[in-house]
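Engineer: One file is attached below, model-v7.csv, containing CSV, C-alpha atoms.
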chain,number,residue,atom,x,y,z
A,1,MET,CA,-21.9,6.6,43.5
A,2,PRO,CA,-24.9,4.4,43.0
A,3,ALA,CA,-25.6,2.9,39.6
A,4,PHE,CA,-29.2,3.2,38.5
A,5,HIS,CA,-30.7,1.0,35.8
A,6,ALA,CA,-33.0,3.1,33.5
A,7,HIS,CA,-35.5,2.0,31.0
A,8,VAL,CA,-36.6,4.5,28.3
A,9,GLU,CA,-39.7,3.7,26.3
A,10,VAL,CA,-39.9,5.7,23.1
A,11,THR,CA,-43.3,5.8,21.4
A,12,HIS,CA,-44.9,7.7,18.5
A,13,LEU,CA,-46.7,10.9,19.5
A,14,PRO,CA,-50.5,10.7,19.1
A,15,GLY,CA,-51.4,11.4,15.5
A,16,ILE,CA,-48.0,10.2,14.1
A,17,ALA,CA,-48.4,7.3,11.8
A,18,ASP,CA,-47.0,3.9,13.0
A,19,PRO,CA,-47.0,1.9,9.7
A,20,ALA,CA,-45.0,-1.0,11.3
A,21,GLY,CA,-47.5,-1.3,14.1
A,22,ALA,CA,-50.4,-1.1,11.7
A,23,THR,CA,-48.9,-3.8,9.4
A,24,VAL,CA,-48.4,-6.2,12.3
A,25,GLU,CA,-51.9,-5.5,13.6
A,26,ARG,CA,-53.3,-6.4,10.2
A,27,ALA,CA,-51.3,-9.6,10.1
A,28,LEU,CA,-52.6,-11.0,13.5
A,29,PRO,CA,-56.1,-11.9,12.3
A,30,ALA,CA,-54.5,-14.3,9.8
A,31,LEU,CA,-53.4,-16.3,12.8
A,32,GLY,CA,-56.9,-16.2,14.3
A,33,TYR,CA,-56.3,-13.3,16.7
A,34,THR,CA,-59.3,-11.2,15.6
A,35,ASN,CA,-59.7,-9.3,18.9
A,36,VAL,CA,-56.5,-7.2,18.8
A,37,SER,CA,-56.5,-3.4,18.3
A,38,GLN,CA,-54.3,-0.3,19.1
A,39,LEU,CA,-51.1,-2.2,18.4
A,40,HIS,CA,-48.1,0.0,18.6
A,41,ILE,CA,-44.4,-0.6,17.9
A,42,GLY,CA,-41.9,1.6,19.8
A,43,LYS,CA,-38.4,1.3,21.1
A,44,THR,CA,-36.9,0.4,24.5
A,45,ILE,CA,-33.5,1.8,25.5
A,46,ARG,CA,-31.9,0.3,28.6
A,47,LEU,CA,-28.9,2.0,30.2
A,48,VAL,CA,-27.1,2.4,33.5
A,49,VAL,CA,-26.3,5.8,34.9
A,50,ASP,CA,-24.1,6.6,37.9
A,51,ALA,CA,-25.8,9.4,39.9
A,52,PRO,CA,-26.0,10.6,43.5
A,53,ASP,CA,-29.7,9.6,43.7
A,54,GLY,CA,-32.7,8.5,41.7
A,55,ASP,CA,-34.0,12.0,41.0
A,56,ALA,CA,-30.6,13.1,39.6
A,57,ALA,CA,-30.6,9.9,37.5
A,58,ARG,CA,-34.1,10.7,36.2
A,59,ARG,CA,-33.2,14.3,35.4
A,60,GLN,CA,-30.2,13.3,33.4
A,61,VAL,CA,-32.0,10.5,31.4
A,62,GLU,CA,-34.8,12.9,30.6
A,63,GLU,CA,-32.3,15.5,29.4
A,64,MET,CA,-30.7,12.8,27.2
A,65,CYS,CA,-34.1,11.9,25.8
A,66,GLU,CA,-34.8,15.6,24.8
A,67,ARG,CA,-31.3,15.9,23.2
A,68,LEU,CA,-30.8,12.6,21.5
A,69,LEU,CA,-32.8,9.5,22.5
A,70,ALA,CA,-36.1,10.7,21.3
A,71,ASN,CA,-37.2,13.3,18.6
A,72,PRO,CA,-39.8,15.5,20.3
A,73,VAL,CA,-41.3,16.4,16.9
A,74,ILE,CA,-42.6,12.8,16.4
A,75,GLU,CA,-41.9,10.8,19.6
A,76,ALA,CA,-42.8,10.7,23.3
A,77,TYR,CA,-40.7,9.0,25.9
A,78,ALA,CA,-41.3,7.5,29.4
A,79,VAL,CA,-38.4,7.0,31.8
A,80,THR,CA,-38.4,4.3,34.5
A,81,ILE,CA,-35.5,4.4,37.1
A,82,MET,CA,-35.0,1.2,39.0
A,83,GLU,CA,-33.7,1.2,42.6
A,84,PRO,CA,-30.0,0.5,42.6
A,85,VAL,CA,-29.0,-3.1,43.5
A,86,ALA,CA,-27.1,-3.1,46.8
B,1,MET,CA,-13.8,30.1,-11.6
B,2,SER,CA,-16.5,27.4,-11.3
B,3,ALA,CA,-18.5,27.1,-8.2
B,4,ARG,CA,-17.1,24.8,-5.5
B,5,VAL,CA,-19.6,22.3,-4.0
B,6,GLY,CA,-18.7,20.4,-0.9
B,7,VAL,CA,-20.4,17.0,-0.6
B,8,VAL,CA,-20.5,15.7,3.0
B,9,LEU,CA,-19.4,12.1,3.6
B,10,PHE,CA,-20.6,10.3,6.7
B,11,PRO,CA,-19.9,6.6,7.4
B,12,GLY,CA,-22.8,5.0,5.5
B,13,THR,CA,-23.4,7.8,3.0
B,14,ASN,CA,-23.8,6.2,-0.5
B,15,CYS,CA,-24.8,8.9,-2.9
B,16,GLU,CA,-21.8,11.2,-2.7
B,17,LEU,CA,-20.2,10.1,-6.0
B,18,ASP,CA,-23.5,10.5,-7.9
B,19,VAL,CA,-23.8,14.1,-6.6
B,20,MET,CA,-20.2,14.9,-7.4
B,21,TRP,CA,-20.5,13.4,-10.9
B,22,ALA,CA,-23.7,15.5,-11.6
B,23,VAL,CA,-22.1,18.7,-10.2
B,24,GLU,CA,-19.0,18.2,-12.4
B,25,GLN,CA,-21.1,17.4,-15.5
B,26,LEU,CA,-22.8,20.8,-15.0
B,27,GLY,CA,-19.5,22.6,-14.8
B,28,GLY,CA,-19.1,22.9,-11.0
B,29,THR,CA,-16.2,21.6,-9.0
B,30,ALA,CA,-17.0,19.0,-6.3
B,31,GLU,CA,-15.1,17.9,-3.3
B,32,LEU,CA,-15.7,15.6,-0.4
B,33,LEU,CA,-16.1,16.9,3.1
B,34,TRP,CA,-15.3,14.2,5.7
B,35,HIS,CA,-17.8,14.2,8.6
B,36,GLY,CA,-15.1,14.1,11.2
B,37,ASP,CA,-13.5,17.4,10.1
B,38,ASP,CA,-15.0,20.6,11.6
B,39,THR,CA,-14.8,22.6,8.3
B,40,THR,CA,-16.5,23.1,5.0
B,41,ASN,CA,-13.1,24.1,3.4
B,42,ASN,CA,-14.7,27.4,2.4
B,43,VAL,CA,-16.8,25.8,-0.4
B,44,ASP,CA,-19.5,27.9,-2.0
B,45,ALA,CA,-22.3,25.4,-1.4
B,46,VAL,CA,-22.8,22.2,0.7
B,47,VAL,CA,-24.7,19.1,-0.3
B,48,VAL,CA,-25.6,16.5,2.3
B,49,PRO,CA,-26.2,13.5,0.1
B,50,GLY,CA,-28.3,10.4,0.5
B,51,GLY,CA,-27.4,7.1,2.2
B,52,PHE,CA,-27.6,5.7,5.7
B,53,ALA,CA,-25.4,8.1,7.7
B,54,HIS,CA,-24.1,6.3,10.8
B,55,GLY,CA,-26.3,3.3,9.8
B,56,ASP,CA,-29.5,5.3,10.6
B,57,TYR,CA,-29.1,4.0,14.1
B,58,LEU,CA,-31.6,5.3,16.7
B,59,ARG,CA,-33.3,7.5,14.0
B,60,THR,CA,-32.3,8.6,10.6
B,61,GLY,CA,-29.9,11.5,10.9
B,62,ALA,CA,-29.9,11.4,14.7
B,63,ILE,CA,-26.2,10.5,15.1
B,64,ALA,CA,-25.0,12.3,12.0
B,65,ARG,CA,-26.2,15.6,13.5
B,66,PHE,CA,-23.4,15.4,16.1
B,67,SER,CA,-20.6,14.8,13.5
B,68,PRO,CA,-18.0,17.7,13.7
B,69,VAL,CA,-18.7,18.7,10.1
B,70,MET,CA,-22.2,19.7,11.0
B,71,ASN,CA,-21.0,22.6,13.1
B,72,ALA,CA,-19.2,23.9,10.0
B,73,VAL,CA,-22.3,23.3,7.9
B,74,ALA,CA,-24.5,25.2,10.4
B,75,GLU,CA,-22.0,28.1,10.4
B,76,HIS,CA,-22.0,28.1,6.5
B,77,ALA,CA,-25.8,28.1,6.6
B,78,ARG,CA,-26.0,30.9,9.2
B,79,ALA,CA,-23.7,33.0,6.9
B,80,GLY,CA,-26.2,32.5,4.1
B,81,GLY,CA,-24.4,29.8,2.2
B,82,PRO,CA,-26.4,27.4,0.1
B,83,VAL,CA,-27.0,24.0,1.8
B,84,VAL,CA,-29.1,21.2,0.1
B,85,GLY,CA,-29.9,17.9,1.9
B,86,ILE,CA,-31.1,15.1,-0.4
B,87,CYS,CA,-33.0,12.1,1.1
B,88,ASN,CA,-31.0,11.0,4.1
B,89,GLY,CA,-29.4,14.5,3.9
B,90,PHE,CA,-32.9,16.0,4.4
B,91,GLN,CA,-33.3,13.8,7.5
B,92,VAL,CA,-29.9,15.0,8.8
B,93,LEU,CA,-30.8,18.7,8.3
B,94,CYS,CA,-34.1,18.2,10.2
B,95,GLU,CA,-32.3,16.4,13.1
B,96,ALA,CA,-29.8,19.2,13.1
B,97,HIS,CA,-32.6,21.7,13.4
B,98,LEU,CA,-31.5,23.5,10.2
B,99,LEU,CA,-35.0,22.6,8.9
B,100,PRO,CA,-38.2,22.2,10.9
B,101,GLY,CA,-40.2,18.9,11.2
B,102,ALA,CA,-39.1,15.3,10.8
B,103,LEU,CA,-39.3,12.4,8.4
B,104,GLN,CA,-41.3,9.4,9.5
B,105,LYS,CA,-41.8,5.9,8.0
B,106,ASN,CA,-43.7,5.9,4.8
B,107,ALA,CA,-47.4,5.3,5.0
B,108,GLY,CA,-47.9,1.7,3.9
B,109,ALA,CA,-44.7,0.6,5.6
B,110,LYS,CA,-42.9,0.1,2.2
B,111,PHE,CA,-39.5,1.1,1.0
B,112,LEU,CA,-40.2,3.2,-2.1
B,113,CYS,CA,-37.9,3.2,-5.1
B,114,GLN,CA,-39.6,4.8,-8.1
B,115,THR,CA,-39.6,7.9,-10.2
B,116,VAL,CA,-42.2,10.4,-9.1
B,117,GLU,CA,-43.5,13.7,-10.4
B,118,LEU,CA,-42.7,16.9,-8.4
B,119,ARG,CA,-44.3,20.3,-8.8
B,120,VAL,CA,-42.1,23.3,-8.2
B,121,GLU,CA,-43.9,25.6,-5.7
B,122,THR,CA,-41.4,28.4,-5.4
B,123,THR,CA,-38.4,29.6,-7.3
B,124,SER,CA,-37.1,31.8,-4.5
B,125,THR,CA,-34.6,29.2,-3.1
B,126,VAL,CA,-31.1,28.0,-3.8
B,127,LEU,CA,-32.5,24.8,-5.4
B,128,THR,CA,-35.2,26.3,-7.7
B,129,ASN,CA,-34.0,29.7,-8.8
B,130,ARG,CA,-33.6,28.4,-12.4
B,131,ALA,CA,-37.0,26.6,-12.4
B,132,HIS,CA,-40.5,28.0,-12.9
B,133,VAL,CA,-43.5,27.7,-10.5
B,134,GLY,CA,-45.7,24.9,-11.7
B,135,ASP,CA,-42.9,23.0,-13.5
B,136,VAL,CA,-43.4,19.3,-13.2
B,137,LEU,CA,-40.2,17.3,-12.8
B,138,ARG,CA,-39.7,13.6,-13.0
B,139,VAL,CA,-37.2,12.6,-10.3
B,140,PRO,CA,-36.6,9.3,-8.4
B,141,ILE,CA,-37.2,8.7,-4.8
B,142,ASN,CA,-35.5,5.9,-2.8
B,143,HIS,CA,-36.5,5.9,0.8
B,144,PHE,CA,-38.3,4.3,3.8
B,145,GLU,CA,-38.6,7.4,6.0
B,146,GLY,CA,-39.8,10.1,3.6
B,147,ASN,CA,-43.2,10.9,5.2
B,148,TYR,CA,-42.7,14.5,6.2
B,149,VAL,CA,-44.4,15.6,9.5
B,150,CYS,CA,-44.5,18.7,11.6
B,151,ASP,CA,-46.9,20.4,14.0
B,152,GLY,CA,-49.8,22.5,12.7
B,153,ALA,CA,-48.2,25.8,13.6
B,154,THR,CA,-45.0,24.9,11.6
B,155,LEU,CA,-47.1,23.8,8.6
B,156,ALA,CA,-49.0,27.1,8.7
B,157,GLN,CA,-45.7,29.0,8.8
B,158,LEU,CA,-44.2,26.9,5.9
B,159,ARG,CA,-47.3,27.7,3.8
B,160,SER,CA,-47.6,31.4,4.7
B,161,ASP,CA,-43.8,32.0,4.1
B,162,ASP,CA,-43.9,30.1,0.8
B,163,ARG,CA,-41.3,27.6,2.1
B,164,ILE,CA,-42.8,24.4,0.6
B,165,VAL,CA,-40.3,24.1,-2.3
B,166,VAL,CA,-41.6,21.0,-4.1
B,167,ARG,CA,-44.7,18.9,-3.7
B,168,TYR,CA,-45.5,15.4,-5.0
B,169,VAL,CA,-48.1,15.5,-7.8
B,170,ARG,CA,-49.3,12.1,-6.5
B,171,ASN,CA,-48.3,11.6,-2.9
B,172,PRO,CA,-46.3,8.3,-2.6
B,173,ASN,CA,-45.5,8.1,1.1
B,174,GLY,CA,-48.2,9.9,3.1
B,175,SER,CA,-46.2,13.1,3.4
B,176,LEU,CA,-48.0,16.0,5.1
B,177,ASP,CA,-49.5,18.4,2.5
B,178,ASP,CA,-47.8,16.4,-0.3
B,179,ILE,CA,-44.5,17.9,0.8
B,180,ALA,CA,-41.4,16.6,-1.0
B,181,GLY,CA,-39.1,19.5,0.0
B,182,ILE,CA,-38.9,22.6,2.2
B,183,CYS,CA,-36.5,25.4,2.9
B,184,ASN,CA,-35.5,27.5,5.9
B,185,GLU,CA,-36.5,31.1,6.6
B,186,GLY,CA,-33.4,32.4,4.8
B,187,ARG,CA,-34.3,30.2,1.8
B,188,ASN,CA,-30.6,29.1,1.5
B,189,VAL,CA,-31.1,25.7,3.2
B,190,VAL,CA,-33.3,23.2,1.3
B,191,GLY,CA,-34.1,19.6,2.1
B,192,LEU,CA,-35.9,17.2,-0.3
B,193,MET,CA,-36.5,13.5,-0.4
B,194,PRO,CA,-36.2,13.0,-4.2
B,195,HIS,CA,-32.7,12.6,-5.8
B,196,PRO,CA,-32.1,15.3,-8.5
B,197,GLU,CA,-28.6,13.8,-9.1
B,198,ARG,CA,-30.3,10.6,-10.3
B,199,ALA,CA,-32.2,12.6,-12.9
B,200,SER,CA,-29.2,14.5,-14.2
B,201,ASP,CA,-28.8,12.8,-17.6
B,202,THR,CA,-31.3,11.4,-20.2
B,203,VAL,CA,-29.4,8.1,-20.0
B,204,LEU,CA,-30.7,7.8,-16.4
B,205,GLY,CA,-34.3,8.1,-17.6
B,206,SER,CA,-34.8,11.7,-16.8
B,207,ALA,CA,-32.7,14.9,-16.9
B,208,ASP,CA,-35.4,16.9,-15.0
B,209,GLY,CA,-33.1,17.2,-11.9
B,210,VAL,CA,-30.6,19.3,-13.9
B,211,VAL,CA,-32.6,22.5,-13.4
B,212,LEU,CA,-32.4,22.0,-9.7
B,213,LEU,CA,-28.7,21.3,-9.6
B,214,GLU,CA,-28.1,24.2,-12.0
B,215,SER,CA,-30.0,26.4,-9.6
B,216,LEU,CA,-27.7,25.3,-6.8
B,217,LEU,CA,-24.6,26.0,-8.9
B,218,THR,CA,-26.1,29.5,-9.7
B,219,ALA,CA,-26.5,30.2,-6.0
B,220,ALA,CA,-23.1,28.9,-5.3
B,221,ALA,CA,-21.5,30.9,-8.1
B,222,GLY,CA,-23.2,34.1,-6.8
B,223,ARG,CA,-21.5,33.3,-3.5
B,224,ALA,CA,-18.2,32.7,-5.2
B,225,THR,CA,-18.2,36.2,-6.5
B,226,LEU,CA,-18.7,37.7,-3.1
B,227,PRO,CA,-15.7,38.8,-1.1
B,228,ALA,CA,-14.8,36.1,1.4
As structure tokens, what does this structure read like?
Structural biologist:
Amino acid sequence: MPAFHAHVEVTHLPGIADPAGATVERALPALGYTNVSQLHIGKTIRLVVDAPDGDAARRQVEEMCERLLANPVIEAYAVTIMEPVA
Amino acid sequence: MSARVGVVLFPGTNCELDVMWAVEQLGGTAELLWHGDDTTNNVDAVVVPGGFAHGDYLRTGAIARFSPVMNAVAEHARAGGPVVGICNGFQVLCEAHLLPGALQKNAGAKFLCQTVELRVETTSTVLTNRAHVGDVLRVPINHFEGNYVCDGATLAQLRSDDRIVVRYVRNPNGSLDDIAGICNEGRNVVGLMPHPERASDTVLGSADGVVLLESLLTAAAGRATLPA
């Protein structure tokens, strides 16, 4: 069965505070970077899933996001499935 | 017979002995419940204490929710048994969907370790039945993720059902609607960020947490008198 590399990006839902991101954004002007806004700190989760095809891999990873990898109350997620390496 | 309180121990829990000490000071019997055992040993009440269950990996409470003991805790809760989650225990109960919402990083991105004032908002719960509405209690907080959030519909429900159990007098962490603790629909599951066990003797700086733990023991004793 092909092995699909998956990247999951977990981000805060709109309206949910991101105090770590806000703190880093406030620190950047001290280094002279005064033109930065909308800084956000999330998480990246990388994994490999054995599945018959890319759609099946995506369905499983999304299900895992709903059940464990993200908390739908406060987080959104985006799944990227890579083409398997031959 | 004194009420039996089970205190859940996950790898990374660190407040279990404090809770057990406070329970026993108040005349209850305390015993540890190991997270890997799928049982509550038929205790009268369960406390999920503070700490860093499973290292807080992924999210606070996210992994702890899948420990075998949580099935037994959920079953105990469904049967009406008292369950109280303190700090990390509150986070675990939210992840386990025994309570709605989630706990997010504190506004200001600071770990907070200080004594705060709480206002009792309802006495119709297993943690406040011995208190009075409007009581102001001095109880310590000790957390990074104590900023309660939920969607608008959930907040409206919590308010209309009188399920906000304690509020901060001065909000330390950005928590929605100053929420420090909430309960479930059955009012037998309560989660709160402050630590009543750390305010259980004047030598600790406050004994204001005693009324909360006595409430839990009262609820547990009521259960102990019921036929099994």
Engineer: Between A:Leu39, A:Arg58, A:Ala70, A:Val79, which one has atoms that come closest to Ala17 in chain A, using all atoms listed in the file?
Structural biologist: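 Closest to Ala17 in chain A of all the choices is A:Leu39.
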Engineer: Using all atoms listed in the file, find all polymer residues with an atom at most 9 Å away from the point (-53.9, -3.6, 15.6); report them as a list in words.
Structural biologist: Gly21, Ala22, Thr23, Val24, Glu25, Arg26, Ala27, Leu28, Asn35, Val36, Ser37, Gln38, Leu39 and His40 of chain A
Engineer: In Å to one decimal, how far is CA of Asn41 in chain B from CA of Ser2 in chain B?
Structural biologist: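 Taking CA of Ser2 in chain B and CA of Asn41 in chain B, their separation equals 15.4 Å.
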Engineer: What's the separation between CA of Thr11 in chain A and CA of Gly42 in chain A, in Å to one decimal place?
Structural biologist: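 Taking CA of Thr11 in chain A as the start and CA of Gly42 in chain A as the end point, the length is 4.7 Å.
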Engineer: Tell me the residues of chain B close to chain A, meaning within 9 Å using only C-alpha atoms, as a ChimeraX atom specification.
Structural biologist: /B:58-59,62-63,95,100-110,149-151
Engineer: Report as a PyMOL selection string all protein, DNA and RNA residues lying within 6 Å of range 210-222 of chain B, evaluated on all atoms listed in the file, omitting residues in the same chain fewer than 5 positions from it.
Structural biologist: chain B and resi 3+44-45+126-130+200
Engineer: Using only C-alpha atoms and a cutoff of 12 Å, can you tell me which residues are near (-25.6, 4.5, 29.8) in the file's coordinates, and write them out as a list in words?
Structural biologist: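 Those residues, ordered by chain and then number, are Ala3, Phe4, His5, Ala6, His7, Val8, Ile45, Arg46, Leu47, Val48, Val49, Asp50, Ala51, Ala57, Gln60, Val61, Met64, Cys65 and Leu69 of chain A.
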Engineer: Would you put the residues from that selection into a file with C-alpha atoms, as a compact mmCIF listing (two decimals), in the frame of the given file?
Structural biologist:
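Generated file (selection_33.txt):
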# COMPACT_ATOMS: atom_id res chain seq x y z
CA ALA A 3 -25.60 2.90 39.60
CA PHE A 4 -29.20 3.20 38.50
CA HIS A 5 -30.70 1.00 35.80
CA ALA A 6 -33.00 3.10 33.50
CA HIS A 7 -35.50 2.00 31.00
CA VAL A 8 -36.60 4.50 28.30
CA ILE A 45 -33.50 1.80 25.50
CA ARG A 46 -31.90 0.30 28.60
CA LEU A 47 -28.90 2.00 30.20
CA VAL A 48 -27.10 2.40 33.50
CA VAL A 49 -26.30 5.80 34.90
CA ASP A 50 -24.10 6.60 37.90
CA ALA A 51 -25.80 9.40 39.90
CA ALA A 57 -30.60 9.90 37.50
CA GLN A 60 -30.20 13.30 33.40
CA VAL A 61 -32.00 10.50 31.40
CA MET A 64 -30.70 12.80 27.20
CA CYS A 65 -34.10 11.90 25.80
CA LEU A 69 -32.80 9.50 22.50
Engineer: Contacts of range 163-171 of chain B at 9 Å or less, counting only C-alpha atoms, minus same-chain residues fewer than 6 places along, as a PyMOL selection string?
Structural biologist: chain B and resi 116-125+127-128+136+157+177-185+187+190-192
Engineer: What does the distance from CA of Val23 in chain B to CA of Asp37 in chain B come to in Å, to one decimal?
Structural biologist: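 Value for the CA of Val23 in chain B-CA of Asp37 in chain B distance: 22.1 Å.
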